[in-house]
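Peer 1: I'd like to ask some things about the structure below.
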2 protein chains.
Amino acid sequence: MAKSDKQKTSALKEKDGIKAPDALSSVSAKAIKSRRQKQPSVNDLVKGITNGDITALSRAITLIESTNPKHTEKANKIITACLPYANDSIRVGITGVPGVGKSTFIEALGKHLTNTNKKVAVLAVDPSSSLSKGSILGDKTRMEDLVKIKNAFIRPSPSGDSLGGVARKTRETIILCEAAGFDTILIETVGVGQSETAVHSMVDFFLLLKLAGAGDELQGIKRGIIEMADAIVINKADGENVKAAKSAKLEFNRALHLYPEKASGWTPKTTLCSALHNEGISEIWDMISNYMSETTSSNYFETHRTEQNKFWLLQTIEERLKSNFYNKPKIKSELQQQIELIESGKTTPFAAAEYLLGL
Amino acid sequence: MAKSDKQKTSALKEKDGIKAPDALSSVSAKAIKSRRQKQPSVNDLVKGITNGDITALSRAITLIESTNPKHTEKANKIITACLPYANDSIRVGITGVPGVGKSTFIEALGKHLTNTNKKVAVLAVDPSSSLSKGSILGDKTRMEDLVKIKNAFIRPSPSGDSLGGVARKTRETIILCEAAGFDTILIETVGVGQSETAVHSMVDFFLLLKLAGAGDELQGIKRGIIEMADAIVINKADGENVKAAKSAKLEFNRALHLYPEKASGWTPKTTLCSALHNEGISEIWDMISNYMSETTSSNYFETHRTEQNKFWLLQTIEERLKSNFYNKPKIKSELQQQIELIESGKTTPFAAAEYLLGL
């Protein structure tokens, strides 16, 4: 703000301004800079994760969820380094339509497990969460007891613009949780749409939560979801609901018998519970443990996980092939033109595809 | 065989052989050569097709079905040239498990239509036909009356090593049949597996044939197929079967009401027929005609066909992307290695995918 004397006497003289204070004190700036430089290395995070450090685990998951390619690269290194420590867990998928009591059920099950010295990670796959800003597990306070328990780790659904992306992130997060010593992975999903298939392909046991007397015992059930279920649990089987729950149990049992035998050799079970009153929870875990020992001794458990891995390999390749193609600038501009030619009957879908693939 | 006198007197003299007759008379050879040269040109075939010449139509379809790239190129030209003459038809998909009487039904419907001056093409999508050597429509004699009718054209399912390929060929054949003046295209499929979805995506009206009293009213029905159906026709509703057929009709009607309203605005119908005794056939066609006029006036018919074309565009692109990738020699050799690394826990499906995509 130093001005020449000439200026000072000129008609255009301006009053000397007051130097604005720095937006950041130099002390703070230094601290921030140093903290930024201290971004933990891949090695730090891997060491932290395998030591069961939740902060390291959370940070690594954040890298998985990031869209920054540098973060992705770092995340990939962490996952690869964690692989030898992973895989030693049981992964349980839990689905059910909104209102069925998924959070209450997961909290009750999680508490039962931590009480028996299990380490429980609760993850979620909810492709709608990026739109609705986290419809499931987004609000951790919905599991306010479980969140305080040392041996429980709750992580809301990653967001993403495709189910494939969301599922991949959760799939990778499972590996880190296992490396951090979590022996039980519960994966929640929303009970509507394709996300069940994605979750089913990353878990060992798939549990469908239902309500009795909601008038939807047969109506509106996605048959594909029932087909995937290893157990149907009728929740809120308490008070006046008990009778209806029992008859729903019979009805589902009957429905389950219409499906062909599962590759696992497991006969899907129907059970009742009241998550709110903590009734039937330990029985459900006993059932899942039975499943574990049956399928482990038959070797299905191991071969099934290998099959799942192959599925994910092909799935990832095919998704990437598509996104690589459709994101080419040339394709983006020409696809619409070809669609218009198809609409006006000037080309066939097959000729248009041929043309676009040749670009 | 002319030999010198010297040879004739030598000890090594051989008896003059008798000239072997030409395997082919020169006249025949000329005729064949000329016929080969006369392979009809694209223009010839297009002219033939648009004049309703069945021989030209059959030859062009053979080009569509060929795996020879030169034939494919020629076929593509023919299809493009036929496009302006195509599209003016109703396309009906007909499915049902083996034994439900599909051939008898199609023959009865086809005869009804040709009797009212329609031109009917009967095609099929049966991905299993390349293995089983044509399980449906392979044996034309199964429709021995229809095959003799001038205004009916029957073509068995093309073979192919993927459903996508089989479906594409049928999809292209529809265009040629329409250009040849066929105003009604019936497309048969087998009622098991994914081929229904493929056929559903190329027809205007989708008809599911069922039997009553086969004990499978609810059991074993692929729910997805019921969901696609615009009509469920209970066949063999004759003699002692009538009562059971009527109660099956009620049951299916009830089941249909559980599904959300169709985008077409059409309420799926359940009807009875006896294809063998030619009962209920004209009523079924009246129903399909009603569907046509309702959806034409609501403009759904047109927009739906455009949607189907877009679906086929994307479907074709995605299939080709996959086959291009998996058929790369490098990928063929390295994919198995990556799978083995996954199996031994040395890499993740995601890292392996990344690696393979980078090759």
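Each chain of the structure tokens is named A, B, ... in the order shown, its residues numbered from 1; ligands are numbered from 1 in display order.
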Compile the residues of chain B that lie within 7 Å of chain A, evaluated using only C-alpha atoms, and express the compilation as JSON, numbers by chain.
Peer 2: {"B": [80, 83, 84, 219, 258, 306, 309, 310, 312, 313, 316, 317, 318, 321, 322, 339, 343, 345, 347, 349, 350, 352, 353, 357]}
Peer 1: What are the DSSP alpha helix (DSSP H) residues of region 231-290 of chain A, as a list in words?
Peer 2: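 Put together, the selection reads Val242, Lys243, Ala244, Ala245, Lys246, Ser247, Ala248, Lys249, Leu250, Glu251, Phe252, Asn253, Arg254, Ala255, Leu256, Ile281, Ser282, Glu283, Ile284, Trp285, Asp286, Met287, Ile288, Ser289 and Asn290 of chain A.
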Peer 1: DSSP on the backbone: what in region 155-240 of chain A comes out strand (DSSP E), as a ChimeraX atom specification?
Peer 2: /A:184-189,205-211,231-235
Peer 1: Which polymer residues have any atom within 9 Å of an atom of Ile106 (chain B), counting only C-alpha atoms, with same-chain residues fewer than 4 positions away left out, as a ChimeraX atom specification?
Peer 2: /B:94,101-102,110-111,122,143,146,186,188,275
Peer 1: Extract, using only C-alpha atoms, all DNA, RNA and protein residues at most 12 Å from Ile49 (chain A), discarding same-chain residues fewer than 2 positions from it, and format them as a JSON list (two decimals) with all heavy atoms, in the first residue's frame.
Peer 2:
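Saved file result_4.json follows:
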```
[["chain", "number", "residue", "atom", "x", "y", "z"],
["A", 40, "PRO", "N", -1.43, -40.74, 6.08],
["A", 40, "PRO", "CA", -0.75, -42.00, 6.35],
["A", 40, "PRO", "C", -0.42, -42.75, 5.05],
["A", 40, "PRO", "O", -1.19, -42.70, 4.10],
["A", 40, "PRO", "CB", -1.76, -42.78, 7.18],
["A", 40, "PRO", "CG", -3.07, -42.12, 6.98],
["A", 40, "PRO", "CD", -2.78, -40.68, 6.66],
["A", 42, "VAL", "N", 0.50, -46.10, 2.63],
["A", 42, "VAL", "CA", -0.12, -47.42, 2.44],
["A", 42, "VAL", "C", 0.31, -48.35, 3.56],
["A", 42, "VAL", "O", -0.51, -49.03, 4.19],
["A", 42, "VAL", "CB", 0.25, -48.00, 1.05],
["A", 42, "VAL", "CG1", -0.12, -49.47, 0.96],
["A", 42, "VAL", "CG2", -0.43, -47.21, -0.06],
["A", 43, "ASN", "N", 1.60, -48.35, 3.83],
["A", 43, "ASN", "CA", 2.12, -49.24, 4.88],
["A", 43, "ASN", "C", 1.51, -48.94, 6.24],
["A", 43, "ASN", "O", 1.13, -49.85, 6.97],
["A", 43, "ASN", "CB", 3.64, -49.10, 4.98],
["A", 43, "ASN", "CG", 4.32, -49.99, 3.96],
["A", 43, "ASN", "OD1", 3.67, -50.86, 3.36],
["A", 43, "ASN", "ND2", 5.61, -49.78, 3.75],
["A", 44, "ASP", "N", 1.45, -47.63, 6.57],
["A", 44, "ASP", "CA", 0.84, -47.23, 7.85],
["A", 44, "ASP", "C", -0.57, -47.78, 7.96],
["A", 44, "ASP", "O", -0.96, -48.35, 8.99],
["A", 44, "ASP", "CB", 0.76, -45.70, 7.95],
["A", 44, "ASP", "CG", 2.13, -45.07, 8.12],
["A", 44, "ASP", "OD1", 3.08, -45.82, 8.44],
["A", 44, "ASP", "OD2", 2.25, -43.84, 7.91],
["A", 45, "LEU", "N", -1.34, -47.59, 6.88],
["A", 45, "LEU", "CA", -2.75, -47.99, 6.94],
["A", 45, "LEU", "C", -2.88, -49.51, 7.04],
["A", 45, "LEU", "O", -3.67, -50.02, 7.82],
["A", 45, "LEU", "CB", -3.51, -47.45, 5.71],
["A", 45, "LEU", "CG", -3.75, -45.93, 5.74],
["A", 45, "LEU", "CD1", -4.39, -45.46, 4.44],
["A", 45, "LEU", "CD2", -4.67, -45.55, 6.91],
["A", 46, "VAL", "N", -2.07, -50.22, 6.27],
["A", 46, "VAL", "CA", -2.14, -51.69, 6.32],
["A", 46, "VAL", "C", -1.78, -52.18, 7.71],
["A", 46, "VAL", "O", -2.46, -53.05, 8.28],
["A", 46, "VAL", "CB", -1.21, -52.31, 5.25],
["A", 46, "VAL", "CG1", -1.13, -53.83, 5.43],
["A", 46, "VAL", "CG2", -1.71, -51.97, 3.85],
["A", 47, "LYS", "N", -0.70, -51.58, 8.27],
["A", 47, "LYS", "CA", -0.29, -51.97, 9.62],
["A", 47, "LYS", "C", -1.43, -51.68, 10.61],
["A", 47, "LYS", "O", -1.79, -52.52, 11.43],
["A", 47, "LYS", "CB", 0.97, -51.19, 10.01],
["A", 47, "LYS", "CG", 1.87, -51.96, 10.95],
["A", 47, "LYS", "CD", 3.11, -51.15, 11.33],
["A", 47, "LYS", "CE", 4.28, -51.37, 10.40],
["A", 47, "LYS", "NZ", 5.45, -50.53, 10.75],
["A", 51, "ASN", "N", -3.73, -54.38, 12.68],
["A", 51, "ASN", "CA", -3.70, -54.29, 14.14],
["A", 51, "ASN", "C", -5.09, -54.01, 14.72],
["A", 51, "ASN", "O", -5.23, -53.80, 15.93],
["A", 51, "ASN", "CB", -2.74, -53.21, 14.61],
["A", 51, "ASN", "CG", -1.31, -53.71, 14.56],
["A", 51, "ASN", "OD1", -1.06, -54.91, 14.72],
["A", 51, "ASN", "ND2", -0.38, -52.79, 14.32],
["A", 52, "GLY", "N", -6.10, -53.93, 13.85],
["A", 52, "GLY", "CA", -7.45, -53.68, 14.32],
["A", 52, "GLY", "C", -7.74, -52.23, 14.65],
["A", 52, "GLY", "O", -8.68, -51.92, 15.38],
["A", 53, "ASP", "N", -6.94, -51.32, 14.09],
["A", 53, "ASP", "CA", -7.15, -49.88, 14.35],
["A", 53, "ASP", "C", -8.30, -49.35, 13.49],
["A", 53, "ASP", "O", -8.21, -49.32, 12.25],
["A", 53, "ASP", "CB", -5.84, -49.14, 14.05],
["A", 53, "ASP", "CG", -6.00, -47.63, 14.12],
["A", 53, "ASP", "OD1", -7.08, -47.16, 14.57],
["A", 53, "ASP", "OD2", -5.06, -46.92, 13.71],
["A", 54, "ILE", "N", -9.37, -48.94, 14.16],
["A", 54, "ILE", "CA", -10.59, -48.52, 13.45],
["A", 54, "ILE", "C", -10.37, -47.25, 12.64],
["A", 54, "ILE", "O", -10.94, -47.08, 11.56],
["A", 54, "ILE", "CB", -11.73, -48.32, 14.47],
["A", 54, "ILE", "CG1", -12.08, -49.65, 15.14],
["A", 54, "ILE", "CG2", -12.98, -47.76, 13.81],
["A", 54, "ILE", "CD1", -12.50, -50.73, 14.18],
["A", 55, "THR", "N", -9.53, -46.35, 13.14],
["A", 55, "THR", "CA", -9.27, -45.11, 12.40],
["A", 55, "THR", "C", -8.60, -45.43, 11.06],
["A", 55, "THR", "O", -8.98, -44.90, 10.01],
["A", 55, "THR", "CB", -8.38, -44.17, 13.22],
["A", 55, "THR", "OG1", -8.95, -44.06, 14.53],
["A", 55, "THR", "CG2", -8.31, -42.80, 12.59],
["A", 56, "ALA", "N", -7.61, -46.32, 11.11],
["A", 56, "ALA", "CA", -6.93, -46.72, 9.87],
["A", 56, "ALA", "C", -7.92, -47.38, 8.92],
["A", 56, "ALA", "O", -7.94, -47.09, 7.72],
["A", 56, "ALA", "CB", -5.78, -47.67, 10.19],
["A", 57, "LEU", "N", -8.76, -48.24, 9.47],
["A", 57, "LEU", "CA", -9.76, -48.92, 8.65],
["A", 57, "LEU", "C", -10.68, -47.91, 7.97],
["A", 57, "LEU", "O", -10.90, -47.97, 6.75],
["A", 57, "LEU", "CB", -10.58, -49.88, 9.54],
["A", 57, "LEU", "CG", -11.76, -50.61, 8.88],
["A", 57, "LEU", "CD1", -11.29, -51.51, 7.74],
["A", 57, "LEU", "CD2", -12.53, -51.44, 9.91],
["A", 58, "SER", "N", -11.18, -46.95, 8.75],
["A", 58, "SER", "CA", -12.09, -45.95, 8.20],
["A", 58, "SER", "C", -11.42, -45.13, 7.11],
["A", 58, "SER", "O", -12.03, -44.82, 6.09],
["A", 58, "SER", "CB", -12.58, -45.01, 9.30],
["A", 58, "SER", "OG", -13.24, -45.75, 10.29],
["A", 59, "ARG", "N", -10.17, -44.75, 7.37],
["A", 59, "ARG", "CA", -9.45, -43.95, 6.37],
["A", 59, "ARG", "C", -9.27, -44.72, 5.08],
["A", 59, "ARG", "O", -9.43, -44.17, 3.98],
["A", 59, "ARG", "CB", -8.08, -43.56, 6.90],
["A", 59, "ARG", "CG", -8.15, -42.44, 7.90],
["A", 59, "ARG", "CD", -6.76, -41.97, 8.23],
["A", 59, "ARG", "NE", -6.81, -40.64, 8.82],
["A", 59, "ARG", "CZ", -5.74, -39.86, 8.98],
["A", 59, "ARG", "NH1", -4.55, -40.29, 8.58],
["A", 59, "ARG", "NH2", -5.86, -38.68, 9.52],
["A", 60, "ALA", "N", -8.94, -46.01, 5.21],
["A", 60, "ALA", "CA", -8.73, -46.82, 4.01],
["A", 60, "ALA", "C", -10.04, -46.99, 3.24],
["A", 60, "ALA", "O", -10.07, -46.94, 2.01],
["A", 60, "ALA", "CB", -8.15, -48.18, 4.38],
["A", 61, "ILE", "N", -11.14, -47.15, 3.97],
["A", 61, "ILE", "CA", -12.44, -47.28, 3.29],
["A", 61, "ILE", "C", -12.77, -45.98, 2.55],
["A", 61, "ILE", "O", -13.30, -46.01, 1.44],
["A", 61, "ILE", "CB", -13.55, -47.65, 4.30],
["A", 61, "ILE", "CG1", -13.28, -49.04, 4.90],
["A", 61, "ILE", "CG2", -14.92, -47.64, 3.63],
["A", 61, "ILE", "CD1", -14.23, -49.44, 6.02],
["A", 78, "ILE", "N", -3.61, -51.09, -0.77],
["A", 78, "ILE", "CA", -3.99, -51.50, 0.59],
["A", 78, "ILE", "C", -4.76, -52.82, 0.55],
["A", 78, "ILE", "O", -4.50, -53.74, 1.33],
["A", 78, "ILE", "CB", -4.84, -50.40, 1.26],
["A", 78, "ILE", "CG1", -3.99, -49.14, 1.44],
["A", 78, "ILE", "CG2", -5.38, -50.87, 2.60],
["A", 78, "ILE", "CD1", -4.78, -47.91, 1.87],
["A", 79, "ILE", "N", -5.70, -52.91, -0.39],
["A", 79, "ILE", "CA", -6.51, -54.12, -0.48],
["A", 79, "ILE", "C", -5.62, -55.33, -0.75],
["A", 79, "ILE", "O", -5.75, -56.37, -0.10],
["A", 79, "ILE", "CB", -7.59, -53.98, -1.58],
["A", 79, "ILE", "CG1", -8.58, -52.87, -1.20],
["A", 79, "ILE", "CG2", -8.34, -55.28, -1.78],
["A", 79, "ILE", "CD1", -9.44, -52.40, -2.36],
["A", 81, "ALA", "N", -2.51, -55.72, -0.10],
["A", 81, "ALA", "CA", -1.69, -56.04, 1.07],
["A", 81, "ALA", "C", -2.53, -56.69, 2.18],
["A", 81, "ALA", "O", -2.02, -57.46, 2.99],
["A", 81, "ALA", "CB", -1.02, -54.77, 1.59],
["A", 82, "CYS", "N", -3.81, -56.37, 2.21],
["A", 82, "CYS", "CA", -4.68, -56.92, 3.26],
["A", 82, "CYS", "C", -5.19, -58.33, 2.92],
["A", 82, "CYS", "O", -5.64, -59.06, 3.81],
["A", 82, "CYS", "CB", -5.87, -56.00, 3.49],
["A", 82, "CYS", "SG", -5.46, -54.55, 4.49],
["A", 83, "LEU", "N", -5.14, -58.68, 1.64],
["A", 83, "LEU", "CA", -5.72, -59.95, 1.20],
["A", 83, "LEU", "C", -5.31, -61.17, 2.03],
["A", 83, "LEU", "O", -6.17, -61.97, 2.40],
["A", 83, "LEU", "CB", -5.37, -60.21, -0.27],
["A", 83, "LEU", "CG", -6.40, -59.77, -1.31],
["A", 83, "LEU", "CD1", -5.91, -60.15, -2.70],
["A", 83, "LEU", "CD2", -7.75, -60.42, -1.05],
["A", 85, "TYR", "N", -4.73, -61.45, 4.98],
["A", 85, "TYR", "CA", -5.34, -61.42, 6.32],
["A", 85, "TYR", "C", -6.87, -61.51, 6.23],
["A", 85, "TYR", "O", -7.55, -61.53, 7.25],
["A", 85, "TYR", "CB", -4.95, -60.14, 7.06],
["A", 85, "TYR", "CG", -3.46, -59.92, 7.09],
["A", 85, "TYR", "CD1", -2.83, -59.13, 6.15],
["A", 85, "TYR", "CD2", -2.68, -60.55, 8.08],
["A", 85, "TYR", "CE1", -1.45, -58.95, 6.17],
["A", 85, "TYR", "CE2", -1.30, -60.37, 8.10],
["A", 85, "TYR", "CZ", -0.69, -59.57, 7.15],
["A", 85, "TYR", "OH", 0.66, -59.41, 7.17],
["A", 86, "ALA", "N", -7.41, -61.50, 5.02],
["A", 86, "ALA", "CA", -8.86, -61.44, 4.86],
["A", 86, "ALA", "C", -9.45, -62.84, 4.71],
["A", 86, "ALA", "O", -8.76, -63.83, 4.87],
["A", 86, "ALA", "CB", -9.21, -60.59, 3.64],
["A", 173, "THR", "N", -14.56, -53.26, 0.73],
["A", 173, "THR", "CA", -14.57, -52.91, 2.16],
["A", 173, "THR", "C", -14.62, -54.17, 3.03],
["A", 173, "THR", "O", -14.01, -54.22, 4.09],
["A", 173, "THR", "CB", -15.76, -51.98, 2.45],
["A", 173, "THR", "OG1", -15.59, -50.78, 1.70],
["A", 173, "THR", "CG2", -15.85, -51.63, 3.93],
["A", 175, "ILE", "N", -13.12, -56.90, 2.54],
["A", 175, "ILE", "CA", -11.75, -57.42, 2.67],
["A", 175, "ILE", "C", -11.00, -56.68, 3.77],
["A", 175, "ILE", "O", -10.35, -57.30, 4.62],
["A", 175, "ILE", "CB", -11.01, -57.28, 1.31],
["A", 175, "ILE", "CG1", -11.68, -58.20, 0.28],
["A", 175, "ILE", "CG2", -9.52, -57.61, 1.45],
["A", 175, "ILE", "CD1", -11.19, -57.97, -1.14],
["A", 176, "LEU", "N", -11.14, -55.36, 3.79],
["A", 176, "LEU", "CA", -10.44, -54.58, 4.82],
["A", 176, "LEU", "C", -11.00, -54.89, 6.21],
["A", 176, "LEU", "O", -10.24, -55.01, 7.18],
["A", 176, "LEU", "CB", -10.55, -53.08, 4.54],
["A", 176, "LEU", "CG", -10.00, -52.59, 3.20],
["A", 176, "LEU", "CD1", -9.85, -51.08, 3.21],
["A", 176, "LEU", "CD2", -8.65, -53.24, 2.88],
["A", 177, "CYS", "N", -12.30, -55.01, 6.32],
["A", 177, "CYS", "CA", -12.90, -55.32, 7.63],
["A", 177, "CYS", "C", -12.40, -56.68, 8.13],
["A", 177, "CYS", "O", -12.08, -56.83, 9.31],
["A", 177, "CYS", "CB", -14.42, -55.34, 7.54],
["A", 177, "CYS", "SG", -15.13, -53.70, 7.29],
["A", 178, "GLU", "N", -12.34, -57.64, 7.24],
["A", 178, "GLU", "CA", -11.85, -58.96, 7.64],
["A", 178, "GLU", "C", -10.39, -58.88, 8.08],
["A", 178, "GLU", "O", -9.99, -59.47, 9.09],
["A", 178, "GLU", "CB", -12.00, -59.95, 6.48],
["A", 178, "GLU", "CG", -13.47, -60.29, 6.22],
["A", 178, "GLU", "CD", -13.67, -61.15, 4.98],
["A", 178, "GLU", "OE1", -12.75, -61.25, 4.15],
["A", 178, "GLU", "OE2", -14.78, -61.70, 4.82],
["A", 179, "ALA", "N", -9.59, -58.11, 7.34],
["A", 179, "ALA", "CA", -8.17, -57.96, 7.71],
["A", 179, "ALA", "C", -8.04, -57.26, 9.06],
["A", 179, "ALA", "O", -7.08, -57.49, 9.81],
["A", 179, "ALA", "CB", -7.43, -57.18, 6.63],
["A", 180, "ALA", "N", -9.04, -56.44, 9.40],
["A", 180, "ALA", "CA", -9.02, -55.74, 10.69],
["A", 180, "ALA", "C", -9.56, -56.63, 11.80],
["A", 180, "ALA", "O", -9.75, -56.17, 12.94],
["A", 180, "ALA", "CB", -9.83, -54.44, 10.60],
["A", 181, "GLY", "N", -9.84, -57.88, 11.48],
["A", 181, "GLY", "CA", -10.22, -58.83, 12.52],
["A", 181, "GLY", "C", -11.71, -59.00, 12.73],
["A", 181, "GLY", "O", -12.13, -59.70, 13.66],
["A", 182, "PHE", "N", -12.53, -58.39, 11.89],
["A", 182, "PHE", "CA", -13.97, -58.59, 12.03],
["A", 182, "PHE", "C", -14.32, -59.97, 11.47],
["A", 182, "PHE", "O", -14.03, -60.26, 10.31],
["A", 182, "PHE", "CB", -14.74, -57.46, 11.34],
["A", 182, "PHE", "CG", -14.62, -56.17, 12.08],
["A", 182, "PHE", "CD1", -13.65, -55.23, 11.74],
["A", 182, "PHE", "CD2", -15.42, -55.92, 13.19],
["A", 182, "PHE", "CE1", -13.51, -54.05, 12.46],
["A", 182, "PHE", "CE2", -15.29, -54.74, 13.91],
["A", 182, "PHE", "CZ", -14.33, -53.81, 13.55]]
```
Peer 1: With only C-alpha atoms as the counted atoms, please give the residues lying no more than 7 Å from Val120 (chain A), apart from itself and same-chain residues fewer than 2 positions off, as a PyMOL selection string.
Peer 2: chain A and resi 110+114+118+122+151-153+182-185
Peer 1: What is the distance between CA of Thr296 (chain A) and CA of Leu250 (chain A), in Å to one decimal?
Peer 2: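 Distance reported for this atom pair: 28.9 Å.
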Peer 1: What is the CA of Ser159 (chain A)-CA of Gly96 (chain A) distance in Å, reported with one decimal?
Peer 2: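 Spanning CA of Ser159 (chain A) to CA of Gly96 (chain A) is a straight-line distance of 19.9 Å.
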Peer 1: A:Ile284, A:Thr116, A:Gln194, A:Glu279: which is nearest Ile232 (chain A), counting only C-alpha atoms?
Peer 2: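 Counting only C-alpha atoms, the residue closest to Ile232 (chain A) is A:Ile284.
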Peer 1: Using only C-alpha atoms, which of A:Asn324, A:Val92, A:Asp145, A:His71 sits nearest Ser41 (chain A)?
Peer 2: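 Of A:Asn324, A:Val92, A:Asp145, A:His71, the one nearest Ser41 (chain A) is A:His71, counting only C-alpha atoms.
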Peer 1: Just the number, please: distance in Å from CA of Thr72 (chain A) to CA of Ser195 (chain A), one decimal.
Peer 2: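 Going from CA of Thr72 (chain A) over to CA of Ser195 (chain A), I get 23.0 Å.
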Peer 1: Give me, as a VMD selection string, all polymer residues having an atom no more than 10 Å from Ile288 (chain A), counting only C-alpha atoms and skipping those fewer than 3 positions away in the same chain.
Peer 2: chain A and resid 90 92 204 to 207 230 to 231 282 to 285 291 to 294
